[in-house]
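K.L.:
The file below is model_10.txt, compact mmCIF, C-alpha atoms (C1' of nucleotides):
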```
# COMPACT_ATOMS: atom_id res chain seq x y z
CA MET A 1 -65.30 5.52 22.25
CA GLY A 2 -67.81 3.91 24.59
CA HIS A 3 -70.93 5.84 25.33
CA MET A 4 -69.33 9.31 25.39
CA HIS A 5 -70.39 9.84 28.95
CA ASP A 6 -68.29 12.98 29.11
CA VAL A 7 -70.47 14.74 26.63
CA GLN A 8 -73.89 13.15 26.76
CA GLU A 9 -74.46 12.86 30.46
CA PRO A 10 -74.31 16.56 31.32
CA GLU A 11 -76.58 17.32 28.41
CA GLN A 12 -79.16 14.86 29.62
CA MET A 13 -78.88 16.08 33.18
CA LEU A 14 -79.65 19.58 32.00
CA ARG A 15 -82.54 18.51 29.84
CA SER A 16 -84.08 16.42 32.56
CA ALA A 17 -83.96 19.46 34.82
CA SER A 18 -85.61 21.57 32.09
CA LEU A 19 -82.52 23.66 31.64
CA ARG A 20 -81.10 24.79 28.35
CA VAL A 21 -77.98 23.10 27.15
CA THR A 22 -75.20 25.63 26.85
CA LYS A 23 -71.46 25.26 26.57
CA PRO A 24 -70.74 26.91 29.95
CA ARG A 25 -73.23 24.67 31.72
CA VAL A 26 -71.88 21.49 30.24
CA ALA A 27 -68.34 22.61 31.06
CA VAL A 28 -69.25 23.44 34.66
CA ILE A 29 -70.99 20.12 35.19
CA ASN A 30 -67.96 18.29 33.85
CA ALA A 31 -65.64 20.37 36.03
CA VAL A 32 -67.63 19.68 39.19
CA HIS A 33 -67.75 15.97 38.40
CA SER A 34 -64.03 15.73 37.84
CA HIS A 35 -63.00 17.98 40.73
CA PRO A 36 -64.84 16.84 43.85
CA HIS A 37 -65.36 19.58 46.45
CA ALA A 38 -63.78 22.22 44.22
CA ASP A 39 -64.18 25.90 44.96
CA THR A 40 -65.41 28.38 42.37
CA ASP A 41 -61.91 29.34 41.24
CA THR A 42 -61.00 25.72 40.59
CA VAL A 43 -64.19 25.21 38.65
CA LEU A 44 -63.49 28.34 36.65
CA ALA A 45 -59.95 27.18 35.84
CA ALA A 46 -61.19 23.73 34.81
CA VAL A 47 -63.91 25.24 32.67
CA ARG A 48 -61.38 27.45 30.91
CA GLU A 49 -59.31 24.45 29.92
CA THR A 50 -62.26 23.54 27.75
CA ASP A 51 -63.18 27.04 26.72
CA PRO A 52 -60.82 29.87 27.72
CA GLU A 53 -63.40 32.51 26.97
CA ILE A 54 -65.98 31.66 29.60
CA SER A 55 -66.47 34.50 32.04
CA HIS A 56 -66.23 34.39 35.78
CA GLN A 57 -69.76 35.65 35.99
CA ALA A 58 -71.12 32.86 33.82
CA VAL A 59 -69.56 30.31 36.15
CA TYR A 60 -71.17 31.95 39.19
CA ASP A 61 -74.52 32.09 37.43
CA VAL A 62 -74.32 28.53 36.21
CA LEU A 63 -73.32 27.21 39.62
CA LYS A 64 -76.25 29.01 41.13
CA VAL A 65 -78.70 27.62 38.61
CA LEU A 66 -77.33 24.10 38.92
CA THR A 67 -77.48 24.32 42.70
CA LYS A 68 -81.05 25.54 42.64
CA SER A 69 -82.16 22.72 40.40
CA GLY A 70 -80.29 20.16 42.44
CA LEU A 71 -77.74 19.07 39.84
CA VAL A 72 -74.87 20.07 42.08
CA ARG A 73 -74.67 20.66 45.81
CA ARG A 74 -73.04 23.64 47.42
CA ILE A 75 -71.08 23.16 50.62
CA GLN A 76 -69.62 25.88 52.79
CA PRO A 77 -67.53 24.79 55.76
CA LYS A 78 -66.70 27.75 57.94
CA ASP A 79 -63.52 29.63 57.03
CA SER A 80 -63.77 28.30 53.51
CA VAL A 81 -65.15 29.70 50.30
CA ALA A 82 -68.09 27.88 48.74
CA ARG A 83 -67.36 24.47 47.27
CA TYR A 84 -69.40 22.28 44.96
CA GLU A 85 -69.90 18.57 44.54
CA SER A 86 -71.79 16.35 42.16
CA ARG A 87 -72.99 13.75 44.65
CA VAL A 88 -76.50 14.91 45.33
CA GLY A 89 -79.62 13.48 46.83
CA ASP A 90 -78.02 10.84 49.03
CA ASN A 91 -77.85 12.81 52.27
CA HIS A 92 -74.18 12.21 52.88
CA HIS A 93 -71.93 14.30 55.12
CA HIS A 94 -68.35 15.57 55.14
CA VAL A 95 -65.09 15.37 57.03
CA VAL A 96 -62.93 18.49 56.87
CA CYS A 97 -59.26 18.62 57.79
CA ARG A 98 -58.58 21.44 60.25
CA SER A 99 -55.02 21.66 59.05
CA CYS A 100 -55.21 21.72 55.25
CA GLY A 101 -58.92 22.06 54.53
CA ALA A 102 -59.19 18.79 52.61
CA ILE A 103 -62.73 17.47 52.34
CA ALA A 104 -63.93 13.90 52.04
CA ASP A 105 -67.35 12.31 51.92
CA VAL A 106 -68.88 10.38 54.77
CA ASP A 107 -71.93 8.25 54.18
CA CYS A 108 -74.90 8.96 56.32
CA ALA A 109 -75.42 6.18 58.83
CA THR A 110 -79.20 6.24 58.60
CA GLY A 111 -79.55 6.90 54.90
CA SER A 112 -82.37 9.41 54.82
CA ALA A 113 -83.00 12.95 56.01
CA PRO A 114 -83.13 14.29 58.62
CA CYS A 115 -80.85 11.40 59.70
CA LEU A 116 -80.68 12.60 63.30
CA GLU A 117 -83.26 13.43 65.89
CA ALA A 118 -82.75 16.67 67.73
CA SER A 119 -82.92 16.29 71.49
CA ASN A 120 -85.02 19.45 71.85
CA ASP A 121 -86.33 21.16 68.77
CA ASN A 122 -87.51 24.50 70.22
CA GLY A 123 -90.65 24.26 68.14
CA PHE A 124 -88.70 24.11 64.91
CA GLN A 125 -89.94 21.81 62.20
CA ILE A 126 -86.71 20.05 61.29
CA GLU A 127 -86.08 18.94 57.73
CA GLU A 128 -82.45 18.07 57.61
CA ALA A 129 -79.42 17.48 59.79
CA GLU A 130 -76.17 18.69 58.32
CA VAL A 131 -73.13 17.07 59.85
CA ILE A 132 -69.55 18.20 59.44
CA TYR A 133 -66.84 16.17 61.09
CA TRP A 134 -63.70 18.12 61.94
CA GLY A 135 -60.36 16.41 62.27
CA THR A 136 -57.01 15.78 60.64
CA CYS A 137 -56.48 14.07 57.32
CA LEU A 138 -54.04 11.20 56.88
CA GLU A 139 -51.48 13.35 55.12
CA CYS A 140 -51.46 16.03 57.81
CA GLN A 141 -51.23 13.38 60.52
CA GLU A 142 -48.08 12.06 58.88
CA THR A 143 -46.59 15.50 58.38
CA ALA A 144 -47.20 16.20 62.06
CA LYS A 145 -45.65 12.90 63.10
CA ALA A 146 -42.53 13.60 61.03
CA SER A 147 -41.74 16.87 62.77
CA MET B 1 -77.29 45.42 94.16
CA GLY B 2 -76.57 41.70 94.38
CA HIS B 3 -73.20 40.50 93.33
CA MET B 4 -72.80 42.82 90.35
CA HIS B 5 -72.50 39.92 87.98
CA ASP B 6 -72.69 42.29 85.03
CA VAL B 7 -69.36 43.79 85.87
CA GLN B 8 -67.41 41.23 87.82
CA GLU B 9 -68.06 38.11 85.85
CA PRO B 10 -66.57 39.28 82.56
CA GLU B 11 -63.56 40.60 84.41
CA GLN B 12 -62.95 37.28 86.04
CA MET B 13 -63.46 35.42 82.81
CA LEU B 14 -60.80 37.56 81.20
CA ARG B 15 -58.36 37.17 84.07
CA SER B 16 -58.79 33.43 84.21
CA ALA B 17 -57.98 33.30 80.52
CA SER B 18 -54.87 35.46 81.12
CA LEU B 19 -56.32 38.30 79.12
CA ARG B 20 -56.08 41.94 80.05
CA VAL B 21 -59.22 43.58 81.31
CA THR B 22 -60.23 46.39 79.00
CA LYS B 23 -63.47 48.26 78.58
CA PRO B 24 -64.10 46.95 75.05
CA ARG B 25 -63.56 43.36 76.13
CA VAL B 26 -65.90 43.60 79.06
CA ALA B 27 -68.50 45.28 76.86
CA VAL B 28 -68.22 42.63 74.17
CA ILE B 29 -68.55 39.79 76.68
CA ASN B 30 -71.65 41.40 78.12
CA ALA B 31 -73.08 41.97 74.66
CA VAL B 32 -72.56 38.36 73.59
CA HIS B 33 -74.10 37.11 76.82
CA SER B 34 -77.18 39.25 76.46
CA HIS B 35 -77.64 38.73 72.70
CA PRO B 36 -77.44 35.03 71.97
CA HIS B 37 -76.29 34.18 68.44
CA ALA B 38 -75.76 37.84 67.56
CA ASP B 39 -73.78 38.84 64.51
CA THR B 40 -70.90 41.28 64.66
CA ASP B 41 -73.05 44.30 63.87
CA THR B 42 -75.44 43.49 66.67
CA VAL B 43 -72.56 43.07 69.08
CA LEU B 44 -71.11 46.36 67.91
CA ALA B 45 -74.42 48.15 68.43
CA ALA B 46 -74.85 46.65 71.90
CA VAL B 47 -71.30 47.57 72.83
CA ARG B 48 -71.86 51.15 71.74
CA GLU B 49 -74.84 51.47 74.04
CA THR B 50 -72.31 51.15 76.82
CA ASP B 51 -69.54 53.11 75.16
CA PRO B 52 -70.37 54.88 71.90
CA GLU B 53 -66.71 55.41 71.09
CA ILE B 54 -65.63 51.83 70.64
CA SER B 55 -64.46 51.16 67.11
CA HIS B 56 -65.66 48.51 64.76
CA GLN B 57 -62.14 47.17 64.51
CA ALA B 58 -61.82 46.78 68.27
CA VAL B 59 -64.95 44.63 68.29
CA TYR B 60 -63.59 42.42 65.53
CA ASP B 61 -60.28 42.09 67.35
CA VAL B 62 -61.89 41.38 70.68
CA LEU B 63 -64.22 38.77 69.22
CA LYS B 64 -61.25 37.08 67.63
CA VAL B 65 -59.27 37.04 70.88
CA LEU B 66 -62.24 35.82 72.90
CA THR B 67 -62.94 33.10 70.36
CA LYS B 68 -59.33 31.95 70.35
CA SER B 69 -59.26 31.69 74.12
CA GLY B 70 -62.60 29.92 74.23
CA LEU B 71 -64.62 32.57 76.07
CA VAL B 72 -67.06 32.84 73.20
CA ARG B 73 -67.85 30.52 70.33
CA ARG B 74 -68.12 31.58 66.74
CA ILE B 75 -70.77 29.99 64.55
CA GLN B 76 -71.14 30.42 60.83
CA PRO B 77 -74.16 28.79 59.21
CA LYS B 78 -73.91 29.01 55.45
CA ASP B 79 -75.38 32.13 53.87
CA SER B 80 -74.99 33.97 57.16
CA VAL B 81 -72.38 36.30 58.53
CA ALA B 82 -70.46 35.11 61.58
CA ARG B 83 -72.38 34.91 64.83
CA TYR B 84 -71.24 34.53 68.41
CA GLU B 85 -72.54 32.83 71.50
CA SER B 86 -71.49 32.56 75.10
CA ARG B 87 -72.40 28.94 75.69
CA VAL B 88 -69.06 27.23 75.28
CA GLY B 89 -67.53 23.90 76.10
CA ASP B 90 -70.72 21.85 76.26
CA ASN B 91 -70.69 20.52 72.71
CA HIS B 92 -74.19 21.64 71.86
CA HIS B 93 -75.58 22.11 68.36
CA HIS B 94 -77.92 24.46 66.52
CA VAL B 95 -81.20 24.63 64.65
CA VAL B 96 -81.37 27.28 61.95
CA CYS B 97 -84.58 28.50 60.34
CA ARG B 98 -84.33 28.37 56.56
CA SER B 99 -86.89 31.12 56.26
CA CYS B 100 -85.77 33.83 58.69
CA GLY B 101 -82.35 32.68 59.84
CA ALA B 102 -83.29 32.40 63.51
CA ILE B 103 -80.94 30.21 65.52
CA ALA B 104 -81.66 28.15 68.62
CA ASP B 105 -79.59 25.78 70.70
CA VAL B 106 -79.99 22.03 70.66
CA ASP B 107 -78.36 19.95 73.34
CA CYS B 108 -76.04 17.23 72.19
CA ALA B 109 -77.62 13.86 72.75
CA THR B 110 -74.40 12.18 73.80
CA GLY B 111 -72.86 15.02 75.73
CA SER B 112 -69.24 14.84 74.68
CA ALA B 113 -67.23 15.29 71.48
CA PRO B 114 -67.12 13.92 68.87
CA CYS B 115 -70.73 12.95 69.73
CA LEU B 116 -71.18 10.97 66.52
CA GLU B 117 -69.24 8.19 64.91
CA ALA B 118 -68.52 8.60 61.23
CA SER B 119 -69.52 5.62 59.15
CA ASN B 120 -66.27 5.77 57.16
CA ASP B 121 -63.56 8.14 58.21
CA ASN B 122 -61.30 8.08 55.12
CA GLY B 123 -58.28 7.91 57.40
CA PHE B 124 -59.17 11.18 59.09
CA GLN B 125 -58.62 11.44 62.79
CA ILE B 126 -61.96 12.88 63.87
CA GLU B 127 -62.15 15.27 66.80
CA GLU B 128 -65.58 16.78 66.61
CA ALA B 129 -68.92 16.44 64.90
CA GLU B 130 -70.65 19.70 64.16
CA VAL B 131 -74.36 19.36 63.60
CA ILE B 132 -76.66 21.98 62.15
CA TYR B 133 -80.34 21.17 61.91
CA TRP B 134 -82.17 23.03 59.16
CA GLY B 135 -85.88 23.66 59.36
CA THR B 136 -88.58 26.21 60.01
CA CYS B 137 -89.05 28.11 63.25
CA LEU B 138 -92.39 28.30 65.02
CA GLU B 139 -93.01 31.87 63.95
CA CYS B 140 -92.35 31.18 60.26
CA GLN B 141 -94.54 28.06 60.41
CA GLU B 142 -97.39 30.21 61.63
CA THR B 143 -96.79 32.93 59.08
CA ALA B 144 -96.86 30.27 56.36
CA LYS B 145 -100.04 28.76 57.73
CA ALA B 146 -101.76 32.14 57.77
CA SER B 147 -101.23 32.82 54.07
C1' DT C 1 -86.86 25.88 8.24
C1' DG C 2 -87.26 30.55 9.90
C1' DG C 3 -88.30 33.85 13.29
C1' DC C 4 -89.55 35.30 17.77
C1' DC C 5 -89.12 35.73 22.71
C1' DA C 6 -87.46 34.52 26.87
C1' DA C 7 -83.54 32.80 29.02
C1' DT C 8 -78.66 33.24 29.21
C1' DC C 9 -74.03 35.37 28.68
C1' DT C 10 -70.57 39.24 28.80
C1' DT C 11 -68.48 43.19 30.70
C1' DG C 12 -67.53 45.99 34.21
C1' DA C 13 -68.73 48.19 38.28
C1' DC C 14 -70.04 47.51 42.99
C1' DT C 15 -71.11 45.62 47.85
C1' DC C 16 -69.98 44.42 52.29
C1' DA C 17 -67.97 41.40 55.84
C1' DT C 18 -63.68 41.01 57.28
C1' DT C 19 -58.67 41.99 57.48
C1' DC C 20 -54.34 44.70 57.24
C1' DA C 21 -51.17 48.42 58.68
C1' DA C 22 -49.16 52.02 61.32
C1' DG C 23 -49.17 54.92 64.85
C1' DA C 24 -51.32 56.17 69.60
C1' DA C 25 -52.73 54.63 74.08
C1' DA C 26 -52.96 51.83 78.02
C1' DA C 27 -52.19 47.57 81.07
C1' DG C 28 -49.14 45.18 84.14
C1' DG C 29 -44.80 43.61 85.80
C1' DA C 30 -40.20 45.24 87.76
C1' DT D 1 -43.43 54.98 88.67
C1' DC D 2 -41.24 53.49 84.26
C1' DC D 3 -40.93 50.48 80.49
C1' DT D 4 -42.34 46.96 77.45
C1' DT D 5 -45.83 44.57 75.31
C1' DT D 6 -50.29 44.25 74.14
C1' DT D 7 -54.26 46.48 72.61
C1' DC D 8 -56.96 50.24 70.33
C1' DT D 9 -57.93 53.71 66.69
C1' DT D 10 -58.22 55.31 62.12
C1' DG D 11 -58.44 54.59 57.58
C1' DA D 12 -57.49 51.96 53.68
C1' DA D 13 -57.53 47.44 51.36
C1' DT D 14 -59.06 42.68 50.13
C1' DG D 15 -61.79 39.39 47.87
C1' DA D 16 -65.81 36.40 47.35
C1' DG D 17 -69.80 37.15 45.54
C1' DT D 18 -73.60 40.12 43.32
C1' DC D 19 -75.91 43.57 40.34
C1' DA D 20 -77.10 45.76 36.03
C1' DA D 21 -77.56 46.60 31.18
C1' DG D 22 -76.97 45.42 26.86
C1' DA D 23 -75.68 41.63 23.46
C1' DT D 24 -76.40 36.89 22.25
C1' DT D 25 -78.43 32.48 21.75
C1' DG D 26 -81.41 28.34 22.53
C1' DG D 27 -85.87 26.37 22.08
C1' DC D 28 -90.47 26.50 20.65
C1' DC D 29 -93.91 27.03 17.27
C1' DA D 30 -95.80 28.15 12.84
```
Represent the structure from my file as structure tokens, please.

P.N.:
Amino acid sequence: MGHMHDVQEPEQMLRSASLRVTKPRVAVINAVHSHPHADTDTVLAAVRETDPEISHQAVYDVLKVLTKSGLVRRIQPKDSVARYESRVGDNHHHVVCRSCGAIADVDCATGSAPCLEASNDNGFQIEEAEVIYWGTCLECQETAKAS
Amino acid sequence: MGHMHDVQEPEQMLRSASLRVTKPRVAVINAVHSHPHADTDTVLAAVRETDPEISHQAVYDVLKVLTKSGLVRRIQPKDSVARYESRVGDNHHHVVCRSCGAIADVDCATGSAPCLEASNDNGFQIEEAEVIYWGTCLECQETAKAS
DNA sequence: TGGCCAATCTTGACTCATTCAAGAAAAGGA
DNA sequence: TCCTTTTCTTGAATGAGTCAAGATTGGCCA
């Protein structure tokens, strides 16, 4: 049975963030890990495969708490509902397909925030550069070529 | 009275985009030009200073049409409602204040899309890099310092 | 181990930006 | 000027996300 990563890891993540270990939280962490860039509905559905009784509100609350404590990261490309991912703390970026909305990770070229210098900062103190690449995913390119 | 830029320019912009010239459209173009990065409500309020009878729906429709034809650009930083700006076609980016939501323009260092190379593109055909810098505006820095 | 208290969960209603729908009005070409 | 198509108005609907209040539960400490 190995090290039971499925069960123990989320628990430890919660504890190390000083959060209580509850069934909904563990289920949400597992769902986000196994469904990269999933929206809230997808997370909710995945969570209910484990425990059909968990409420929609609990999932929203848990996602908010996990986001605040940095255990998951919330991403919101325009024209999309909020999505969540488990890769945190490595300052990576995203590519979004204009056609189907698919999202993939892109490593940050420089490795650490803010990762880009602004050409003119208007007096702002800049902490982070968020980069979203827009384009067409492989699948949509092939669909387009076929027609 | 100069060249009456207030009135003629929007008209010509509309005509050159093959769009009909209507009072709401001219008013919305003027509002977006004079209120950089305004949200829909602000645009609506500005429009109603010119013509108090224009409906909220007309403004939404007009903004959508203008956006589609490239006369205005829609921006949507996360946790913010949609905002509009009149600077289009120059591939510039934005700085957003985490504290008060203020938005300012940042010129693109390279000048043309996609402006950044992705380190690994996952097979995506990349057309554009959208960059949002997150930080603290001058005013909020000073407020923070004062307390 | 038991009990307390704060944190968390459930249920259900609500908000608010944005969109939809159907009929009325107006722009622009013939 | 007339006709067709596009656009505008009015009013209702949608849907992601939030709020609120009471019930429940986890964790800490004796």

K.L.:
Counting only C-alpha atoms (C1' of nucleotides), which residues from chain B have an atom at most 12 Å from any atom of chain D, and could you show them as a CSV table (one decimal) with C-alpha atoms, keeping the file's coordinate frame?

P.N.:
```csv
chain,number,residue,atom,x,y,z
B,19,LEU,CA,-56.3,38.3,79.1
B,20,ARG,CA,-56.1,41.9,80.0
B,21,VAL,CA,-59.2,43.6,81.3
B,22,THR,CA,-60.2,46.4,79.0
B,23,LYS,CA,-63.5,48.3,78.6
B,24,PRO,CA,-64.1,47.0,75.0
B,25,ARG,CA,-63.6,43.4,76.1
B,53,GLU,CA,-66.7,55.4,71.1
B,54,ILE,CA,-65.6,51.8,70.6
B,55,SER,CA,-64.5,51.2,67.1
B,56,HIS,CA,-65.7,48.5,64.8
B,57,GLN,CA,-62.1,47.2,64.5
B,58,ALA,CA,-61.8,46.8,68.3
B,59,VAL,CA,-65.0,44.6,68.3
B,60,TYR,CA,-63.6,42.4,65.5
B,61,ASP,CA,-60.3,42.1,67.4
B,62,VAL,CA,-61.9,41.4,70.7
B,65,VAL,CA,-59.3,37.0,70.9
B,79,ASP,CA,-75.4,32.1,53.9
```

K.L.:
Could you give me chain B least-squares fitted onto chain A (all C-alpha atoms, paired in order), as a compact mmCIF listing (two decimals) with C-alpha atoms, in the frame of the given file?

P.N.:
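And here's out.txt as it stands now:
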```
# COMPACT_ATOMS: atom_id res chain seq x y z
CA MET B 1 -65.25 5.65 22.05
CA GLY B 2 -67.75 4.09 24.44
CA HIS B 3 -70.89 5.97 25.16
CA MET B 4 -69.34 9.43 25.28
CA HIS B 5 -70.45 9.94 28.83
CA ASP B 6 -68.38 13.11 29.04
CA VAL B 7 -70.61 14.86 26.59
CA GLN B 8 -73.98 13.21 26.72
CA GLU B 9 -74.51 12.85 30.42
CA PRO B 10 -74.36 16.54 31.30
CA GLU B 11 -76.66 17.31 28.42
CA GLN B 12 -79.22 14.87 29.64
CA MET B 13 -78.93 16.09 33.19
CA LEU B 14 -79.68 19.59 32.00
CA ARG B 15 -82.61 18.54 29.85
CA SER B 16 -84.15 16.46 32.59
CA ALA B 17 -83.98 19.48 34.84
CA SER B 18 -85.63 21.62 32.12
CA LEU B 19 -82.52 23.69 31.69
CA ARG B 20 -81.13 24.84 28.39
CA VAL B 21 -78.02 23.14 27.16
CA THR B 22 -75.21 25.64 26.84
CA LYS B 23 -71.48 25.21 26.55
CA PRO B 24 -70.74 26.85 29.92
CA ARG B 25 -73.24 24.64 31.71
CA VAL B 26 -71.90 21.45 30.23
CA ALA B 27 -68.36 22.55 31.06
CA VAL B 28 -69.25 23.40 34.64
CA ILE B 29 -71.01 20.07 35.18
CA ASN B 30 -67.98 18.24 33.85
CA ALA B 31 -65.66 20.31 36.01
CA VAL B 32 -67.63 19.65 39.19
CA HIS B 33 -67.77 15.94 38.41
CA SER B 34 -64.05 15.68 37.84
CA HIS B 35 -63.00 17.94 40.74
CA PRO B 36 -64.83 16.83 43.85
CA HIS B 37 -65.34 19.57 46.45
CA ALA B 38 -63.74 22.20 44.22
CA ASP B 39 -64.14 25.87 44.95
CA THR B 40 -65.35 28.35 42.37
CA ASP B 41 -61.86 29.28 41.21
CA THR B 42 -60.97 25.67 40.60
CA VAL B 43 -64.17 25.15 38.65
CA LEU B 44 -63.45 28.27 36.65
CA ALA B 45 -59.93 27.09 35.83
CA ALA B 46 -61.18 23.64 34.80
CA VAL B 47 -63.90 25.17 32.66
CA ARG B 48 -61.38 27.37 30.89
CA GLU B 49 -59.31 24.36 29.92
CA THR B 50 -62.26 23.45 27.75
CA ASP B 51 -63.17 26.96 26.71
CA PRO B 52 -60.80 29.75 27.71
CA GLU B 53 -63.38 32.42 26.94
CA ILE B 54 -65.95 31.59 29.57
CA SER B 55 -66.38 34.43 32.02
CA HIS B 56 -66.13 34.29 35.75
CA GLN B 57 -69.66 35.60 36.02
CA ALA B 58 -71.05 32.84 33.82
CA VAL B 59 -69.52 30.25 36.14
CA TYR B 60 -71.07 31.90 39.18
CA ASP B 61 -74.44 32.07 37.44
CA VAL B 62 -74.27 28.51 36.22
CA LEU B 63 -73.28 27.18 39.63
CA LYS B 64 -76.20 29.02 41.15
CA VAL B 65 -78.66 27.62 38.61
CA LEU B 66 -77.30 24.10 38.94
CA THR B 67 -77.45 24.31 42.71
CA LYS B 68 -81.02 25.58 42.67
CA SER B 69 -82.14 22.75 40.43
CA GLY B 70 -80.27 20.17 42.47
CA LEU B 71 -77.72 19.07 39.86
CA VAL B 72 -74.85 20.07 42.10
CA ARG B 73 -74.65 20.67 45.82
CA ARG B 74 -73.01 23.65 47.41
CA ILE B 75 -71.06 23.18 50.63
CA GLN B 76 -69.62 25.90 52.78
CA PRO B 77 -67.52 24.81 55.75
CA LYS B 78 -66.69 27.77 57.94
CA ASP B 79 -63.53 29.66 57.04
CA SER B 80 -63.75 28.33 53.50
CA VAL B 81 -65.09 29.73 50.28
CA ALA B 82 -68.03 27.90 48.72
CA ARG B 83 -67.34 24.49 47.26
CA TYR B 84 -69.36 22.27 44.97
CA GLU B 85 -69.88 18.57 44.55
CA SER B 86 -71.78 16.35 42.18
CA ARG B 87 -72.97 13.76 44.66
CA VAL B 88 -76.50 14.92 45.35
CA GLY B 89 -79.63 13.51 46.87
CA ASP B 90 -78.04 10.84 49.04
CA ASN B 91 -77.85 12.81 52.28
CA HIS B 92 -74.18 12.22 52.87
CA HIS B 93 -71.93 14.29 55.11
CA HIS B 94 -68.36 15.57 55.15
CA VAL B 95 -65.08 15.38 57.03
CA VAL B 96 -62.96 18.51 56.88
CA CYS B 97 -59.28 18.66 57.81
CA ARG B 98 -58.62 21.47 60.26
CA SER B 99 -55.05 21.71 59.08
CA CYS B 100 -55.23 21.78 55.28
CA GLY B 101 -58.93 22.10 54.54
CA ALA B 102 -59.19 18.83 52.62
CA ILE B 103 -62.73 17.51 52.35
CA ALA B 104 -63.93 13.92 52.05
CA ASP B 105 -67.34 12.32 51.93
CA VAL B 106 -68.87 10.38 54.78
CA ASP B 107 -71.92 8.27 54.18
CA CYS B 108 -74.92 8.98 56.32
CA ALA B 109 -75.42 6.19 58.81
CA THR B 110 -79.20 6.24 58.56
CA GLY B 111 -79.54 6.94 54.88
CA SER B 112 -82.38 9.43 54.79
CA ALA B 113 -83.03 12.97 56.02
CA PRO B 114 -83.16 14.28 58.66
CA CYS B 115 -80.86 11.40 59.70
CA LEU B 116 -80.68 12.58 63.31
CA GLU B 117 -83.28 13.40 65.88
CA ALA B 118 -82.77 16.63 67.76
CA SER B 119 -82.91 16.25 71.51
CA ASN B 120 -85.05 19.38 71.87
CA ASP B 121 -86.38 21.09 68.81
CA ASN B 122 -87.52 24.43 70.27
CA GLY B 123 -90.68 24.20 68.19
CA PHE B 124 -88.73 24.07 64.95
CA GLN B 125 -89.97 21.77 62.26
CA ILE B 126 -86.74 20.00 61.34
CA GLU B 127 -86.11 18.90 57.77
CA GLU B 128 -82.46 18.04 57.64
CA ALA B 129 -79.43 17.46 59.81
CA GLU B 130 -76.19 18.67 58.33
CA VAL B 131 -73.14 17.07 59.85
CA ILE B 132 -69.56 18.21 59.44
CA TYR B 133 -66.85 16.17 61.09
CA TRP B 134 -63.72 18.14 61.95
CA GLY B 135 -60.37 16.44 62.28
CA THR B 136 -57.02 15.82 60.67
CA CYS B 137 -56.48 14.13 57.33
CA LEU B 138 -54.05 11.26 56.89
CA GLU B 139 -51.49 13.42 55.13
CA CYS B 140 -51.47 16.11 57.83
CA GLN B 141 -51.24 13.43 60.54
CA GLU B 142 -48.10 12.14 58.90
CA THR B 143 -46.62 15.58 58.40
CA ALA B 144 -47.21 16.27 62.10
CA LYS B 145 -45.66 12.97 63.10
CA ALA B 146 -42.56 13.68 61.04
CA SER B 147 -41.75 16.96 62.78
```

K.L.:
Within 9 Å of chain B, which residues of chain A come that close, and what is the closest atom pair and distance in Å for each? Count all atoms listed in the file and give it as CSV.

P.N.:
```
residue,atom,partner,partner_atom,distance
A:Ile75,CA,B:Lys78,CA,8.1
A:Gln76,CA,B:Lys78,CA,5.9
A:Pro77,CA,B:Lys78,CA,7.7
A:Lys78,CA,B:Gln76,CA,5.9
A:Asp79,CA,B:Gln76,CA,8.6
A:Ala82,CA,B:Lys78,CA,9.0
A:Val95,CA,B:Asp121,CA,7.5
A:Val96,CA,B:Phe124,CA,8.5
A:Cys97,CA,B:Phe124,CA,7.6
A:Ala104,CA,B:Asn122,CA,7.1
A:Asp105,CA,B:Asn122,CA,8.0
A:Val106,CA,B:Asn120,CA,5.8
A:Asp107,CA,B:Ser119,CA,6.1
A:Cys108,CA,B:Ser119,CA,6.9
A:Ala109,CA,B:Ser119,CA,5.9
A:Pro114,CA,B:Tyr133,CA,8.1
A:Leu116,CA,B:Tyr133,CA,8.7
A:Glu117,CA,B:Ala109,CA,8.9
A:Ala118,CA,B:Val106,CA,6.7
A:Ser119,CA,B:Ala109,CA,6.0
A:Asn120,CA,B:Val106,CA,5.8
A:Asp121,CA,B:Val106,CA,6.7
A:Asn122,CA,B:Ala104,CA,7.1
A:Gly123,CA,B:Leu138,CA,5.4
A:Phe124,CA,B:Cys137,CA,4.3
A:Gln125,CA,B:Thr136,CA,5.1
A:Ile126,CA,B:Gly135,CA,4.2
A:Glu127,CA,B:Gly135,CA,5.0
A:Glu128,CA,B:Trp134,CA,5.2
A:Ala129,CA,B:Tyr133,CA,4.4
A:Glu130,CA,B:Ile132,CA,5.1
A:Val131,CA,B:Val131,CA,4.6
A:Ile132,CA,B:Glu130,CA,5.1
A:Tyr133,CA,B:Ala129,CA,4.3
A:Trp134,CA,B:Glu128,CA,5.2
A:Gly135,CA,B:Ile126,CA,4.2
A:Thr136,CA,B:Gln125,CA,5.1
A:Cys137,CA,B:Phe124,CA,4.3
A:Leu138,CA,B:Gly123,CA,5.4
A:Glu139,CA,B:Phe124,CA,8.9
A:Gln141,CA,B:Gln125,CA,8.0
```

K.L.:
Identify which of the residues C:DC4, C:DA17, C:DA24, C:DC9 lies closest to chain A, counting only C-alpha atoms (C1' of nucleotides) when measuring atom-to-atom distances.

P.N.:
C:DC9

K.L.:
Kindly give the distance, in Å, that separates CA of His35 (chain B) and CA of Glu85 (chain B), rounded to a single decimal.

P.N.:
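Between these atoms lies a distance of 7.9 Å.
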
K.L.:
Quote the spacing between CA of Thr50 (chain A) and CA of Cys100 (chain A) in Å to one decimal place.

P.N.:
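The value is 28.4 Å.
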
K.L.:
With 10 Å as the cut-off and all atoms listed in the file counted, what is the closest atom pair between each nearby residue of chain C and chain B? Distances in Å to one decimal, ordered by chain and number, as a tab-separated table.

P.N.:
```
residue	atom	partner	partner_atom	distance
C:DA17	C1'	B:Val81	CA	7.3
C:DT18	C1'	B:Tyr60	CA	8.4
C:DT19	C1'	B:Gln57	CA	9.4
C:DA26	C1'	B:Thr22	CA	9.1
C:DA27	C1'	B:Arg20	CA	6.9
C:DG28	C1'	B:Arg20	CA	8.7
```
